[in-house]
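Participant: Just entry_3.cif, nothing more (mmCIF, C-alpha atoms):
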```
data_model
loop_
_atom_site.label_atom_id
_atom_site.label_comp_id
_atom_site.auth_asym_id
_atom_site.auth_seq_id
_atom_site.Cartn_x
_atom_site.Cartn_y
_atom_site.Cartn_z
CA ARG A 1 -64.72 181.10 -9.11
CA HIS A 2 -67.42 182.44 -11.34
CA ARG A 3 -70.67 183.23 -9.59
CA SER A 4 -73.97 183.22 -11.35
CA ARG A 5 -76.08 186.38 -11.29
CA ARG A 6 -78.48 184.51 -9.06
CA GLU A 7 -75.78 183.70 -6.53
CA GLN A 8 -74.55 187.27 -6.61
CA ALA A 9 -78.08 188.53 -5.91
CA GLN A 10 -78.46 186.10 -3.06
CA ILE A 11 -75.17 187.12 -1.46
CA MET A 12 -76.24 190.77 -1.71
CA GLU A 13 -79.60 189.97 -0.14
CA VAL A 14 -78.02 188.15 2.78
CA GLY A 15 -75.61 191.05 3.28
CA GLN A 16 -78.45 193.56 3.30
CA LEU A 17 -80.46 191.49 5.75
CA GLN A 18 -77.48 191.06 8.03
CA ARG A 19 -76.83 194.80 8.02
CA LYS A 20 -80.48 195.43 8.75
CA PHE A 21 -80.29 192.95 11.62
CA VAL A 22 -77.17 194.53 13.12
CA ASP A 23 -78.63 198.04 12.85
CA TYR A 24 -81.95 197.00 14.31
CA THR A 25 -80.32 195.20 17.23
CA ALA A 26 -78.17 198.25 17.94
CA SER A 27 -81.22 200.51 17.96
CA LEU A 28 -82.99 198.28 20.47
CA PHE A 29 -80.07 198.60 22.84
CA CYS A 30 -79.66 202.29 22.15
CA GLU A 31 -83.33 203.02 22.84
CA GLY A 32 -83.20 201.02 26.05
CA PHE A 33 -85.57 198.25 25.03
CA LEU A 34 -82.88 195.65 25.63
CA ASP A 35 -79.95 195.55 28.01
CA ALA A 36 -76.81 193.47 28.57
CA GLN A 37 -78.80 190.53 29.86
CA PHE A 38 -80.21 189.98 26.36
CA THR A 39 -76.64 189.79 25.07
CA GLN A 40 -75.96 187.14 27.73
CA LEU A 41 -78.81 185.08 26.31
CA GLN A 42 -77.46 185.43 22.79
CA GLN A 43 -74.03 184.36 23.96
CA LEU A 44 -75.43 181.26 25.67
CA GLN A 45 -77.08 180.12 22.45
CA ASP A 46 -75.02 177.59 20.50
CA GLU A 47 -75.29 174.80 17.91
CA SER A 48 -76.72 172.35 20.42
CA ASN A 49 -79.34 174.89 21.53
CA PRO A 50 -79.87 177.01 18.41
CA ASP A 51 -83.31 178.26 19.44
CA PHE A 52 -82.54 179.11 23.03
CA VAL A 53 -83.22 182.84 22.78
CA VAL A 54 -86.49 182.43 20.92
CA GLU A 55 -87.56 179.76 23.43
CA VAL A 56 -86.85 181.83 26.52
CA VAL A 57 -88.43 184.93 25.04
CA SER A 58 -91.52 182.90 24.04
CA LEU A 59 -91.82 181.68 27.62
CA PHE A 60 -91.55 185.29 28.72
CA PHE A 61 -94.36 186.34 26.35
CA GLU A 62 -96.64 183.55 27.62
CA ASP A 63 -95.87 184.23 31.25
CA THR A 64 -96.29 188.00 30.87
CA GLU A 65 -99.63 187.80 29.11
CA LYS A 66 -100.94 185.67 31.94
CA LEU A 67 -99.54 188.06 34.54
CA LEU A 68 -101.04 191.09 32.82
CA ASN A 69 -104.45 189.40 32.82
CA ASP A 70 -104.07 188.55 36.51
CA LEU A 71 -103.06 192.13 37.26
CA THR A 72 -106.00 193.58 35.35
CA ARG A 73 -108.38 191.37 37.29
CA ALA A 74 -106.72 192.08 40.64
CA LEU A 75 -106.94 195.85 40.19
CA ASP A 76 -110.55 195.55 39.07
CA GLN A 77 -111.66 194.13 42.41
CA GLN A 78 -113.81 196.14 44.80
CA ILE A 79 -111.19 195.69 47.46
CA VAL A 80 -107.75 195.47 45.91
CA ASP A 81 -105.37 192.91 47.37
CA PHE A 82 -102.15 194.89 47.03
CA LYS A 83 -100.03 192.04 48.31
CA LYS A 84 -101.24 189.93 45.44
CA VAL A 85 -100.74 192.76 42.94
CA ASP A 86 -97.22 193.30 44.24
CA ALA A 87 -96.45 189.60 43.96
CA HIS A 88 -97.46 189.59 40.30
CA VAL A 89 -95.42 192.71 39.55
CA HIS A 90 -92.45 191.23 41.39
CA GLN A 91 -92.69 188.18 39.17
CA LEU A 92 -92.87 190.29 36.02
CA LYS A 93 -89.99 192.44 37.16
CA GLY A 94 -87.93 189.29 37.63
CA SER A 95 -88.73 187.70 34.31
CA SER A 96 -88.27 190.89 32.29
CA SER A 97 -84.95 191.39 34.03
CA SER A 98 -83.93 187.82 33.19
CA ILE A 99 -84.41 188.32 29.47
CA GLY A 100 -83.08 191.87 29.32
CA ALA A 101 -86.37 193.66 28.62
CA GLN A 102 -85.17 196.80 30.34
CA ARG A 103 -88.09 199.15 29.83
CA VAL A 104 -90.61 196.57 31.00
CA ARG A 105 -88.48 195.98 34.07
CA ASN A 106 -88.25 199.70 34.83
CA ALA A 107 -92.01 200.09 34.49
CA CYS A 108 -92.41 197.31 37.06
CA ILE A 109 -90.14 199.07 39.54
CA ALA A 110 -92.33 202.18 39.42
CA PHE A 111 -95.42 199.99 39.74
CA ARG A 112 -94.16 198.33 42.92
CA ASN A 113 -93.68 201.68 44.62
CA PHE A 114 -97.37 202.47 44.16
CA CYS A 115 -98.34 199.01 45.39
CA GLU A 116 -96.54 199.83 48.59
CA GLU A 117 -98.53 203.05 48.86
CA GLN A 118 -101.71 201.08 48.15
CA ASN A 119 -102.68 203.68 45.58
CA THR A 120 -105.22 202.05 43.23
CA ASP A 121 -105.36 204.86 40.67
CA ALA A 122 -101.62 205.13 40.37
CA CYS A 123 -101.38 201.35 40.12
CA SER A 124 -103.90 201.28 37.29
CA LYS A 125 -101.86 203.88 35.43
CA CYS A 126 -98.73 201.84 36.03
CA LEU A 127 -100.43 198.77 34.68
CA GLN A 128 -101.23 200.66 31.48
CA GLN A 129 -97.62 201.72 31.27
CA VAL A 130 -96.37 198.17 31.75
CA LYS A 131 -98.79 196.89 29.11
CA GLN A 132 -97.54 199.51 26.68
CA GLU A 133 -93.90 198.71 27.32
CA TYR A 134 -94.59 195.01 26.98
CA SER A 135 -96.40 195.53 23.70
CA LEU A 136 -93.50 197.54 22.33
CA ALA A 137 -90.95 194.99 23.53
CA LYS A 138 -92.92 192.16 21.98
CA ASN A 139 -93.16 193.93 18.62
CA LYS A 140 -89.48 194.71 18.62
CA LEU A 141 -88.44 191.18 19.54
CA ASP A 142 -90.83 189.62 17.02
CA THR A 143 -89.32 191.86 14.34
CA LEU A 144 -85.82 190.87 15.41
CA PHE A 145 -86.62 187.17 15.27
CA ARG A 146 -88.27 187.60 11.88
CA LEU A 147 -85.10 189.21 10.54
CA GLU A 148 -83.08 186.27 11.86
CA GLN A 149 -85.42 183.90 10.10
CA GLN A 150 -85.11 185.81 6.82
CA ILE A 151 -81.33 185.67 7.00
CA ALA A 152 -81.41 181.92 7.62
CA GLU A 153 -83.88 181.42 4.77
CA ALA A 154 -81.64 183.40 2.45
CA GLY A 155 -78.86 181.01 3.34
CA GLY A 156 -76.90 183.34 5.58
CA ALA A 157 -75.62 183.25 9.14
CA VAL A 158 -77.03 185.53 11.82
CA PRO A 159 -74.30 187.95 12.93
CA MET A 160 -73.82 187.90 16.69
CA MET B 1 -61.97 157.60 35.15
CA ALA B 2 -61.30 158.41 38.76
CA ILE B 3 -60.74 162.11 38.10
CA ALA B 4 -63.78 164.21 38.90
CA THR B 5 -64.96 166.12 35.85
CA GLU B 6 -67.78 168.59 35.39
CA SER B 7 -70.00 166.00 33.71
CA GLU B 8 -69.94 164.00 36.95
CA PHE B 9 -71.47 166.90 38.81
CA HIS B 10 -75.22 167.03 39.12
CA VAL B 11 -76.86 170.28 40.09
CA LEU B 12 -80.42 170.60 41.34
CA ALA B 13 -81.90 174.01 40.47
CA VAL B 14 -85.00 175.26 42.27
CA ASP B 15 -87.02 178.23 40.98
CA ASP B 16 -90.73 178.95 40.65
CA SER B 17 -90.17 181.03 37.50
CA ILE B 18 -90.18 179.02 34.30
CA ILE B 19 -88.04 181.65 32.58
CA ASP B 20 -85.42 181.53 35.31
CA ARG B 21 -85.44 177.73 35.31
CA LYS B 22 -84.72 177.74 31.60
CA LEU B 23 -81.97 180.27 32.07
CA ILE B 24 -80.22 178.53 34.96
CA GLU B 25 -80.51 175.22 33.14
CA MET B 26 -78.76 176.70 30.11
CA LEU B 27 -76.06 178.31 32.24
CA LEU B 28 -75.38 175.03 34.04
CA LYS B 29 -75.47 172.91 30.88
CA THR B 30 -73.06 175.33 29.20
CA SER B 31 -70.74 174.63 32.12
CA SER B 32 -71.14 170.90 31.41
CA TYR B 33 -73.06 170.01 34.55
CA GLN B 34 -75.94 167.61 34.65
CA VAL B 35 -79.04 169.54 35.60
CA THR B 36 -82.38 168.82 37.19
CA THR B 37 -84.83 171.69 37.64
CA VAL B 38 -87.85 171.76 39.94
CA ASP B 39 -90.34 174.53 40.60
CA SER B 40 -90.61 174.38 44.39
CA GLY B 41 -88.78 173.65 47.61
CA SER B 42 -91.05 170.75 48.42
CA LYS B 43 -90.39 169.16 45.03
CA ALA B 44 -86.69 169.65 45.65
CA LEU B 45 -86.90 167.80 48.97
CA GLN B 46 -88.93 165.08 47.30
CA PHE B 47 -86.26 164.69 44.64
CA LEU B 48 -83.58 164.51 47.31
CA GLY B 49 -85.42 161.68 49.03
CA PHE B 50 -86.08 163.75 52.13
CA HIS B 51 -88.60 162.27 54.51
CA GLU B 52 -90.93 164.64 56.35
CA ASP B 53 -90.80 162.35 59.37
CA GLU B 54 -88.15 164.04 61.54
CA GLU B 55 -87.32 160.84 63.38
CA SER B 56 -86.31 159.01 60.24
CA ASN B 57 -83.99 161.91 59.35
CA LYS B 58 -82.30 161.85 62.73
CA ASN B 59 -81.88 158.13 62.60
CA GLN B 60 -80.37 158.04 59.13
CA PRO B 61 -77.13 156.10 59.47
CA SER B 62 -74.46 158.76 59.35
CA VAL B 63 -72.12 156.31 57.72
CA SER B 64 -71.61 157.85 54.28
CA PRO B 65 -74.90 159.75 54.46
CA ILE B 66 -74.49 161.40 51.08
CA ASN B 67 -74.35 158.05 49.35
CA HIS B 68 -77.64 156.97 50.79
CA ARG B 69 -79.61 158.82 48.13
CA GLU B 70 -80.60 157.11 44.92
CA VAL B 71 -79.60 160.15 42.90
CA GLN B 72 -76.35 161.92 43.59
CA VAL B 73 -76.78 165.68 43.82
CA ASN B 74 -73.58 167.68 44.17
CA LEU B 75 -75.06 171.13 44.64
CA ILE B 76 -78.41 172.80 45.11
CA ILE B 77 -79.03 176.25 43.69
CA THR B 78 -82.29 177.83 44.74
CA ASP B 79 -84.25 181.03 44.31
CA TYR B 80 -84.98 182.87 47.55
CA CYS B 81 -88.48 184.22 46.86
CA MET B 82 -90.79 181.32 46.21
CA PRO B 83 -94.40 180.81 47.28
CA GLY B 84 -94.83 178.27 50.08
CA MET B 85 -91.34 177.19 51.01
CA THR B 86 -88.80 179.95 50.44
CA GLY B 87 -85.22 179.27 49.44
CA TYR B 88 -84.25 180.07 53.01
CA ASP B 89 -86.74 177.51 54.37
CA LEU B 90 -85.31 174.94 51.97
CA LEU B 91 -81.76 175.80 53.05
CA LYS B 92 -82.70 175.35 56.68
CA LYS B 93 -84.33 171.99 56.06
CA ILE B 94 -81.27 170.78 54.18
CA LYS B 95 -78.84 171.93 56.86
CA GLU B 96 -80.97 170.38 59.60
CA SER B 97 -80.90 167.01 57.90
CA SER B 98 -77.92 164.84 58.79
CA TYR B 99 -78.60 163.15 55.50
CA LEU B 100 -78.51 166.25 53.27
CA ARG B 101 -76.48 168.85 55.14
CA ASP B 102 -73.21 168.24 53.34
CA ILE B 103 -74.64 169.22 49.97
CA PRO B 104 -73.51 172.77 49.16
CA VAL B 105 -76.41 175.19 48.75
CA VAL B 106 -76.39 178.45 46.78
CA ILE B 107 -79.13 181.07 46.98
CA MET B 108 -80.26 183.37 44.15
CA SER B 109 -82.34 186.49 44.57
CA SER B 110 -83.48 189.42 42.47
CA GLU B 111 -83.31 191.67 45.51
CA ASN B 112 -80.14 192.96 47.11
CA VAL B 113 -81.07 192.88 50.79
CA PRO B 114 -77.95 192.67 53.00
CA SER B 115 -79.81 191.22 55.99
CA ARG B 116 -81.26 188.52 53.75
CA ILE B 117 -77.85 187.71 52.31
CA ASN B 118 -76.26 187.49 55.76
CA ARG B 119 -79.06 185.33 57.08
CA CYS B 120 -78.56 182.85 54.26
CA LEU B 121 -74.80 182.76 54.59
CA GLU B 122 -75.10 182.29 58.34
CA GLU B 123 -77.49 179.41 57.81
CA GLY B 124 -74.83 177.72 55.69
CA ALA B 125 -75.33 178.87 52.10
CA GLU B 126 -72.05 178.84 50.22
CA GLU B 127 -72.86 181.73 47.90
CA PHE B 128 -75.55 184.28 47.27
CA PHE B 129 -76.06 185.33 43.65
CA LEU B 130 -77.99 188.38 42.53
CA LYS B 131 -80.29 187.77 39.60
CA PRO B 132 -80.00 187.66 36.72
CA VAL B 133 -77.37 185.01 37.30
CA SER B 134 -74.37 185.15 34.97
CA LEU B 135 -71.89 182.62 33.64
CA SER B 136 -69.23 184.09 35.92
CA ASP B 137 -71.50 183.33 38.88
CA VAL B 138 -71.90 179.73 37.73
CA ASN B 139 -68.10 179.45 37.44
CA LYS B 140 -67.98 179.93 41.21
CA LEU B 141 -69.84 176.69 41.84
CA LYS B 142 -67.15 174.18 40.96
CA PRO B 143 -64.86 174.68 44.01
CA HIS B 144 -67.80 174.02 46.33
CA MET B 145 -68.67 170.80 44.56
CA MET B 146 -65.04 169.67 44.42
CA LYS B 147 -64.66 170.35 48.14
CA ALA B 148 -67.80 168.41 49.02
CA LYS B 149 -66.74 165.52 46.80
CA ALA B 150 -63.28 165.42 48.37
CA LYS B 151 -64.85 165.33 51.81
CA ASP B 152 -67.16 162.58 50.69
CA ASP B 153 -64.24 160.55 49.35
CA GLN B 154 -62.27 160.71 52.56
CA GLU B 155 -62.50 157.73 54.85
CA PRO B 156 -65.06 158.75 57.50
CA THR B 157 -63.31 156.79 60.24
CA LYS B 158 -59.94 158.31 59.54
CA GLN B 159 -58.68 160.00 62.66
CA GLY B 160 -55.52 161.23 60.98
CA PRO B 161 -54.70 164.68 59.63
CA GLU B 162 -58.11 165.11 58.01
CA GLY B 163 -59.98 164.09 61.13
CA SER B 164 -59.49 167.42 62.80
CA GLU B 165 -60.85 169.35 59.83
CA THR B 166 -64.46 168.47 60.39
CA PRO B 167 -64.95 168.00 64.10
CA GLU B 168 -68.74 168.10 64.09
CA THR B 169 -69.45 165.59 61.35
CA GLN B 170 -69.34 161.87 60.98
CA SER B 171 -65.61 161.45 61.69
CA VAL B 172 -66.20 159.75 65.02
CA GLN B 173 -67.56 156.37 63.96
CA PRO B 174 -67.16 152.79 64.99
CA GLN B 175 -64.94 150.90 62.58
CA GLN B 176 -66.89 150.30 59.40
CA THR B 177 -66.43 147.69 56.75
CA PRO B 178 -65.77 149.00 53.25
CA ALA B 179 -68.83 147.24 51.89
CA GLN B 180 -71.21 149.59 53.73
CA SER B 181 -70.38 152.44 51.37
CA GLY B 182 -73.09 152.93 48.75
CA ASN B 183 -71.18 155.28 46.47
CA LYS B 184 -70.68 153.65 43.09
CA ARG B 185 -67.18 154.90 42.54
CA LYS B 186 -66.12 154.02 46.06
CA ALA B 187 -67.50 150.53 45.67
CA MET B 188 -65.42 150.20 42.54
CA GLU B 189 -62.31 151.19 44.43
CA GLU B 190 -63.13 149.04 47.47
CA GLY B 191 -62.49 145.93 45.48
CA ILE B 192 -59.07 147.10 44.39
CA SER B 193 -57.51 148.25 47.57
CA GLN B 194 -58.18 147.27 51.12
CA GLU B 195 -55.49 149.62 52.28
CA ARG B 196 -56.98 152.36 54.42
CA THR B 197 -53.96 154.15 55.77
CA ARG B 198 -53.58 156.49 52.82
CA PRO B 199 -56.37 159.09 52.66
CA ARG B 200 -57.65 159.69 49.16
CA TYR B 201 -58.12 163.23 48.02
CA SER B 202 -60.21 164.66 45.17
CA GLY B 203 -60.86 161.19 43.83
CA LEU B 204 -57.53 161.11 42.08
CA THR B 205 -56.80 157.50 42.93
CA VAL B 206 -55.53 155.85 39.80
CA ILE B 207 -57.16 152.56 39.07
#
```
Mind turning this structure into C-alpha cells?
Facilitator:
Amino acid sequence: RHRSRREQAQIMEVGQLQRKFVDYTASLFCEGFLDAQFTQLQQLQDESNPDFVVEVVSLFFEDTEKLLNDLTRALDQQIVDFKKVDAHVHQLKGSSSSIGAQRVRNACIAFRNFCEEQNTDACSKCLQQVKQEYSLAKNKLDTLFRLEQQIAEAGGAVPM
Amino acid sequence: MAIATESEFHVLAVDDSIIDRKLIEMLLKTSSYQVTTVDSGSKALQFLGFHEDEESNKNQPSVSPINHREVQVNLIITDYCMPGMTGYDLLKKIKESSYLRDIPVVIMSSENVPSRINRCLEEGAEEFFLKPVSLSDVNKLKPHMMKAKAKDDQEPTKQGPEGSETPETQSVQPQQTPAQSGNKRKAMEEGISQERTRPRYSGLTVI
C-alpha cells in the first residue's frame, strides 16, 4: 500500500516519540526516581481506566503539596510537635511508596529517624531534601506524561 | 445463576489515604469485585449498619445474621494506621459483633511489625498485607470470601456433618422457618425446594 509522504513523516514521528518515551522511562528507573510499584500502576491501567496512572499521580501531587505545607508550618513552630511532624512524614512515605516514587520515599525514611530524635535542625534539612526530591519527581513525571500525550496526539500507541 | 462469581463479591476497603483508596479500588475492580471505599473505621461501621448501642448488637437475632444488613459485604480490607479508629480497633469491633463477625477482615500496613501482625491475626484477621498491596495479594482474597459464603449458605439449624465445624456460632438454633432468611438468593431457592436434608455447598444448587 502506497503511503503518502505525510503519512510516512507521521509514522516516523510516532516512532521517534515512542523511542524517546521508552528511553526516558528507563532512565527514571535507572536513576532510582521510580521503582517497581510504578510499573504495577502502569500494568493496572487498561481501556476502561485509561487515565489511571495520571489520576493517581495527580492525587499524589495534590496530597504531597499539602503535606509539605503542613510540614513547613509544623517545623516553624516555637515548640515543635514531633508527633505531628512524624505523622505527616509517615503519610508522605506511604503515598510515595504507593506510586513508586522511590527517592521521595527514601528521603522520608531518613526524615522519620530525625523526628524520633526530636532534632529540629536535622528535620528542617530533611524537609528541604524531601522538597527537592518531590520537585524532581514531579518534573520527571510531568515530562513522562507529556511524552505520552504527544504520542497519542501523533496517532500512536504508548509502549508499555 | 447460582454459581458464585467474582462480580457477586462486594469488598469494603477502608483507608485514610486517598492515594491508597484509589489504588486498592483499582486492584479490586481489576479482580472483578464490586468495591466501596471509605476513609475511616467509623464510616466503615456506619456503612455496615453497625449500631453503637452494644445492647442492640448483642440482641441481633443470630438467625442468618449476615443477611440482616441492607448491603451485602463479603470482605473488609482495612489499613492499620488510621487516625481515630485504627484498623485493629475496627477489626475488634467487627469480631465482637454477632452481626458482623463472620465477615472476613484483611489488614494492610506499610510497616512490617511482627507483633502487630500477630495481634491482628490473633484477633481474627484472615490476612495481613504489607503495602503497597499487589495484585497477587488481592488474589488471596477469593478463598476467604468463598468460604464465608459457603458457611452463610449452609442451613444454620443443620446438626449434621457441617454442624461440628463451627461449634461456637449459630448452629444451635430452634427450628426456623425458611421464610426468616433475608438473603435474596436464599429466598429465591426457598420457593423451589423445601427439602432441608441435603446441605448446600458453595451455592452450587442448580435451579
Participant: Name all residues at most 8 Å from Arg105 of chain A (count all atoms listed in the file; drop same-chain ones fewer than 2 positions away) and give them as a list of chain:residue names.
Facilitator: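 Close residues of Arg105 of chain A: A:Leu92, A:Lys93, A:Gly94, A:Ser96, A:Ser97, A:Ala101, A:Gln102, A:Arg103, A:Ala107, A:Cys108, A:Ile109.
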Participant: Define the interface residues of chain B facing chain A as those within 8 Å, counting only C-alpha atoms, and report them as a list of chain:residue names.
Facilitator: B:Ser17, B:Ile18, B:Ile19, B:Asp20, B:Lys22, B:Leu23, B:Met26, B:Leu27, B:Thr30, B:Ser110, B:Lys131, B:Pro132, B:Ser134
Participant: Mind writing the picked residues with C-alpha atoms as a CSV table (one decimal), keeping the file's coordinate frame?
Facilitator:
```csv
chain,number,residue,atom,x,y,z
B,17,SER,CA,-90.2,181.0,37.5
B,18,ILE,CA,-90.2,179.0,34.3
B,19,ILE,CA,-88.0,181.6,32.6
B,20,ASP,CA,-85.4,181.5,35.3
B,22,LYS,CA,-84.7,177.7,31.6
B,23,LEU,CA,-82.0,180.3,32.1
B,26,MET,CA,-78.8,176.7,30.1
B,27,LEU,CA,-76.1,178.3,32.2
B,30,THR,CA,-73.1,175.3,29.2
B,110,SER,CA,-83.5,189.4,42.5
B,131,LYS,CA,-80.3,187.8,39.6
B,132,PRO,CA,-80.0,187.7,36.7
B,134,SER,CA,-74.4,185.2,35.0
```
Participant: Need the shell around Gln150 of chain A: protein/DNA/RNA residues with any atom at most 12 Å away, counting all atoms listed in the file. Skip same-chain ones fewer than 2 positions apart. Format as a list in words?
Facilitator: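 With the cut-off at 12 Å, the set is Gln10, Glu13, Val14, Gly15, Gln16, Leu17, Gln18, Lys20, Phe21, Thr143, Leu144, Phe145, Arg146, Leu147, Glu148, Ala152, Glu153, Ala154, Gly155, Gly156, Ala157 and Val158 of chain A.
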Participant: Any chance you could resolve the PyMOL selection byres ((chain A and resi 133) around 12) against this file and give the residues as a PyMOL selection string?
Facilitator: chain A and resi 32-34+64+68+96+101-108+126-132+134-140
Participant: So what do you get for atom CA of Ile24 of chain B versus atom CA of Gly49 of chain B, distance-wise?
Facilitator: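 Rounded to one decimal, the two atoms are 22.6 Å apart.
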Participant: Choose the residue, out of B:Tyr33, B:Phe129, B:Phe47, B:Phe9, that has the smallest atom-to-atom separation from Val71 of chain B; count all atoms listed in the file.
Facilitator: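 Looking at the shortest contact to Val71 of chain B, the residue is B:Phe47.
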Participant: If the PyMOL selection byres ((chain B and resi 101) around 10) is run on the structure shown, which residues does it catch, given as a list in words?
Facilitator: Pro65, Ile66, Leu91, Lys92, Lys93, Ile94, Lys95, Glu96, Ser97, Ser98, Tyr99, Leu100, Asp102, Ile103, Pro104, Val105, Gly124 and Thr169 of chain B
Participant: Just the selected residues (C-alpha atoms), exported as a PDB file, in the frame of the given file, please.
Facilitator:
```
ATOM      1  CA  PRO B  65     -74.900 159.750  54.460  1.00  0.00           C
ATOM      2  CA  ILE B  66     -74.490 161.400  51.080  1.00  0.00           C
ATOM      3  CA  LEU B  91     -81.760 175.800  53.050  1.00  0.00           C
ATOM      4  CA  LYS B  92     -82.700 175.350  56.680  1.00  0.00           C
ATOM      5  CA  LYS B  93     -84.330 171.990  56.060  1.00  0.00           C
ATOM      6  CA  ILE B  94     -81.270 170.780  54.180  1.00  0.00           C
ATOM      7  CA  LYS B  95     -78.840 171.930  56.860  1.00  0.00           C
ATOM      8  CA  GLU B  96     -80.970 170.380  59.600  1.00  0.00           C
ATOM      9  CA  SER B  97     -80.900 167.010  57.900  1.00  0.00           C
ATOM     10  CA  SER B  98     -77.920 164.840  58.790  1.00  0.00           C
ATOM     11  CA  TYR B  99     -78.600 163.150  55.500  1.00  0.00           C
ATOM     12  CA  LEU B 100     -78.510 166.250  53.270  1.00  0.00           C
ATOM     13  CA  ASP B 102     -73.210 168.240  53.340  1.00  0.00           C
ATOM     14  CA  ILE B 103     -74.640 169.220  49.970  1.00  0.00           C
ATOM     15  CA  PRO B 104     -73.510 172.770  49.160  1.00  0.00           C
ATOM     16  CA  VAL B 105     -76.410 175.190  48.750  1.00  0.00           C
ATOM     17  CA  GLY B 124     -74.830 177.720  55.690  1.00  0.00           C
ATOM     18  CA  THR B 169     -69.450 165.590  61.350  1.00  0.00           C
TER      19      THR B 169
END
```
Participant: What is the distance between atom CA of His10 of chain B and atom CA of Met146 of chain B, in Å to one decimal?
Facilitator: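 For atom CA of His10 of chain B relative to atom CA of Met146 of chain B, the distance reads 11.8 Å.
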Participant: My list of candidates is B:Leu28, B:Leu90, B:Leu75, B:Leu121. Which is closest to Gly41 of chain B when distances are computed with all atoms listed in the file?
Facilitator: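 Using all atoms listed in the file, the shortest distance to Gly41 of chain B belongs to B:Leu90.
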Participant: Please expand the PyMOL selection byres ((chain A and resi 74-83) around 10) into the concrete residues it hits in this file, giving the result as number ranges by chain.
Facilitator: A: 68-73, 84-89, 112, 114-121, 123-124, 127
Participant: Interatomic distance between atom CA of Glu8 of chain B and atom CA of Gln154 of chain B?
Facilitator: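 Answer for the atom CA of Glu8 of chain B to atom CA of Gln154 of chain B separation: 17.7 Å.
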Participant: With a distance cut-off of 10 Å and all atoms listed in the file, select the neighbouring residues of Cys120 of chain B, excluding the residue or stretch itself and same-chain residues fewer than 6 positions from it, and output the selection as a PyMOL selection string.
Facilitator: chain B and resi 80+87-89+91-92+105-107+114+126-128
Participant: B:Ile76, B:Arg21, B:Ser31, B:Asp16: which is nearest Val138 of chain B, counting all atoms listed in the file?
Facilitator: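 For Val138 of chain B, the nearest of the candidates is B:Ser31.
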